[in-house]
Amino acid sequence: MSHGRITGWATNLPDRVLTNDELAQMVDTSDEWITARTGIKTRHIDGKVTEMSAAAALDAMKMAGVSPDQIDLLLLATISPDQQIPASASVIQDSLGLSCGAFDLNAACSGFVYGLVTAMQFIQGGMERILVIGSDSLSSITNWEDRGTCILFGDGAGAVIVENSADKPSLLGWDLMSSGDAADLLYCEHGDNIVMDGQAVFRKAVLAMEAAAINAMDKAGVTSDQIKLVVPHQANVRIIESALKRLDIPIEKAALVLNYTGNTSAASIPLALVDALNAERVDSGDLILLVGFGAGMTSAAAVVRWDPPTI
Ligand code: UT7
């Protein structure tokens, strides 16, 4: 049986940093309110999905020691592609010089976990190396006059290389879910900006994260006390605190980057994952729980046994 594992990782954030104080000059808000209610201090904006993705992917490929001709598939999770057609995945595939299939995947903020789980199945199906990217430019679809949303969002990209190089499975359990009946709580029409019922999304998010995490841990045959690192979707620190409390996981186990990234949708989990990996927060054999939720409303969780690449 073939098993995938992560052998390279990298991120990219656009240069322009937007502070809470700057937002307070644009809408009726304050640094104090945003910090207390969300945990966000700054976010990066004005990024393009294709550019951020290609930069992150190039660094992830370098780290894994993988050349463009060795990539079998490119999978891009995004809700804010540069254009409606063609898929941003195809533009990235060309700019990186890959010769392989490439497609965009829209599962909103759960997208990276959807992508990682999908990549693991392709590895089991015989592929050798897959590039998985989570990237969003939420600043391009944000209503900068709506204080209920513009304080939250940012841009960024995170990329990982998944290779058929593990002796045993690293993806131990996973859960993918969609509740389309709640689609009107968070949406964006063509050519328009994001519309959100913040309070309703907040309530559903906590429950969806808890359910997804429990299902993935059940399938993996592990309990929450065995988890070493949780990588949650970075939407609001209060959502993360509430969900982890229900799961009986101390907040100290969470990877948190939203104070300087804001909510970057599909990029949020890989941004937090890469931050934790670079900080060497996990050792060989440790269990990582990735868990996200987003528009759809989608949710996704995965339990990964960390199998570090041999350098
Ligand atoms: O990726 C998934 C997508 N999104 C999310 O996960 C977001 C989920 N929702 C949230 O994170 C939170 O609901 C928000 C951060 C959007 C809002 O926080 P909240 O604690 O739910 O605030 P609220 O909507 O209950 O509003 C509380 C008060 C209200 O004033 P009154 O009625 O108490 O006088 C709002 O008008 O805060 C006011 N308010 C603000 N004040 C200053 C709402 N937004 C702001 C703001 N600055 N930006």
# chains A, B, ... in the order shown; residues from 1 in each chain; ligands from 1

call {"tool": "residues_near_ligand", "arguments": {"ligand": "ligand 1", "cutoff": "8 Å", "atoms": "only C-alpha atoms and all ligand atoms", "output": "ChimeraX atom specification"}}
result
/A:27-30,33-34,37-38,108-109,147-152,186,196-203,205,233-236,238-239,263-265,293-295

call {"tool": "select_by_dssp", "arguments": {"residues": "range 81-303 of chain A", "states": "strand (DSSP E or B)", "output": "number ranges by chain"}}
result
A: 101-105, 129-137, 153, 155-164, 171-178, 186-187, 195-196, 227-232, 254, 263, 287-294, 298-303

call {"tool": "closest_residue", "arguments": {"among": "A:Thr142, A:Met1, A:Ser284, A:Asp175", "to": "Asp192 in chain A", "atoms": "only C-alpha atoms"}}
result
A:Thr142

call {"tool": "atom_distance", "arguments": {"atom1": "CA of Lys168 in chain A", "atom2": "CA of Leu131 in chain A"}}
result
20.3 Å

call {"tool": "atom_distance", "arguments": {"atom1": "CA of Gln83 in chain A", "atom2": "CA of Ala301 in chain A"}}
result
28.6 Å

call {"tool": "residues_around", "arguments": {"residues": "Asp184 in chain A", "least_positions_apart": "3", "cutoff": "10 Å", "atoms": "only C-alpha atoms", "output": "ChimeraX atom specification"}}
result
/A:180-181,187-188,195-197,295-297

call {"tool": "closest_atom_pairs", "arguments": {"of": "range 235-291 of chain A", "to": "range 3-11 of chain A", "cutoff": "10 Å", "atoms": "only C-alpha atoms", "output": "JSON lines"}}
result
{"residue": "A:Ala267", "atom": "CA", "partner": "A:Thr11", "partner_atom": "CA", "distance": 8.7}
{"residue": "A:Pro270", "atom": "CA", "partner": "A:Thr11", "partner_atom": "CA", "distance": 7.6}
{"residue": "A:Leu271", "atom": "CA", "partner": "A:Thr11", "partner_atom": "CA", "distance": 6.2}
{"residue": "A:Ala272", "atom": "CA", "partner": "A:Thr11", "partner_atom": "CA", "distance": 9.5}
{"residue": "A:Leu273", "atom": "CA", "partner": "A:Trp9", "partner_atom": "CA", "distance": 9.0}
{"residue": "A:Val274", "atom": "CA", "partner": "A:Ala10", "partner_atom": "CA", "distance": 6.4}
{"residue": "A:Asp275", "atom": "CA", "partner": "A:Thr11", "partner_atom": "CA", "distance": 8.8}
{"residue": "A:Leu277", "atom": "CA", "partner": "A:Trp9", "partner_atom": "CA", "distance": 8.7}
{"residue": "A:Asn278", "atom": "CA", "partner": "A:Trp9", "partner_atom": "CA", "distance": 9.2}

call {"tool": "closest_atom_pairs", "arguments": {"of": "range 74-140 of chain A", "to": "range 287-291 of chain A", "cutoff": "10 Å", "atoms": "only C-alpha atoms", "output": "tab-separated table"}}
result
residue	atom	partner	partner_atom	distance
A:Cys109	CA	A:Val291	CA	9.8
A:Ser110	CA	A:Val291	CA	7.7
A:Phe112	CA	A:Leu290	CA	9.5
A:Val113	CA	A:Leu290	CA	7.1

call {"tool": "residues_around", "arguments": {"residues": "Ala89 in chain A", "least_positions_apart": "5", "cutoff": "7 Å", "atoms": "only C-alpha atoms", "output": "list in words"}}
result
Leu74, Leu75, Leu76, Ala102, Phe103 and Asp104 of chain A

call {"tool": "write_last_selection", "arguments": {"atoms": "N, CA, C and O atoms", "output": "mmCIF file, in the first residue's frame"}}
result
data_model
loop_
_atom_site.group_PDB
_atom_site.id
_atom_site.type_symbol
_atom_site.label_atom_id
_atom_site.label_comp_id
_atom_site.auth_asym_id
_atom_site.auth_seq_id
_atom_site.Cartn_x
_atom_site.Cartn_y
_atom_site.Cartn_z
ATOM 1 N N LEU A 74 -1.166 19.161 -9.325
ATOM 2 C CA LEU A 74 -1.218 20.407 -8.537
ATOM 3 C C LEU A 74 -2.664 20.647 -8.123
ATOM 4 O O LEU A 74 -3.573 20.658 -8.968
ATOM 5 N N LEU A 75 -2.834 20.842 -6.857
ATOM 6 C CA LEU A 75 -4.173 21.017 -6.303
ATOM 7 C C LEU A 75 -4.211 22.334 -5.547
ATOM 8 O O LEU A 75 -3.465 22.505 -4.583
ATOM 9 N N LEU A 76 -5.017 23.272 -5.996
ATOM 10 C CA LEU A 76 -5.078 24.602 -5.366
ATOM 11 C C LEU A 76 -6.421 24.802 -4.684
ATOM 12 O O LEU A 76 -7.465 24.813 -5.341
ATOM 13 N N ALA A 102 -3.824 20.006 -13.110
ATOM 14 C CA ALA A 102 -3.919 21.068 -12.101
ATOM 15 C C ALA A 102 -5.372 21.503 -12.011
ATOM 16 O O ALA A 102 -6.018 21.707 -13.041
ATOM 17 N N PHE A 103 -5.864 21.629 -10.799
ATOM 18 C CA PHE A 103 -7.249 22.127 -10.674
ATOM 19 C C PHE A 103 -7.461 22.904 -9.384
ATOM 20 O O PHE A 103 -6.764 22.699 -8.394
ATOM 21 N N ASP A 104 -8.453 23.817 -9.453
ATOM 22 C CA ASP A 104 -8.863 24.582 -8.269
ATOM 23 C C ASP A 104 -9.915 23.784 -7.518
ATOM 24 O O ASP A 104 -10.722 23.066 -8.129
#
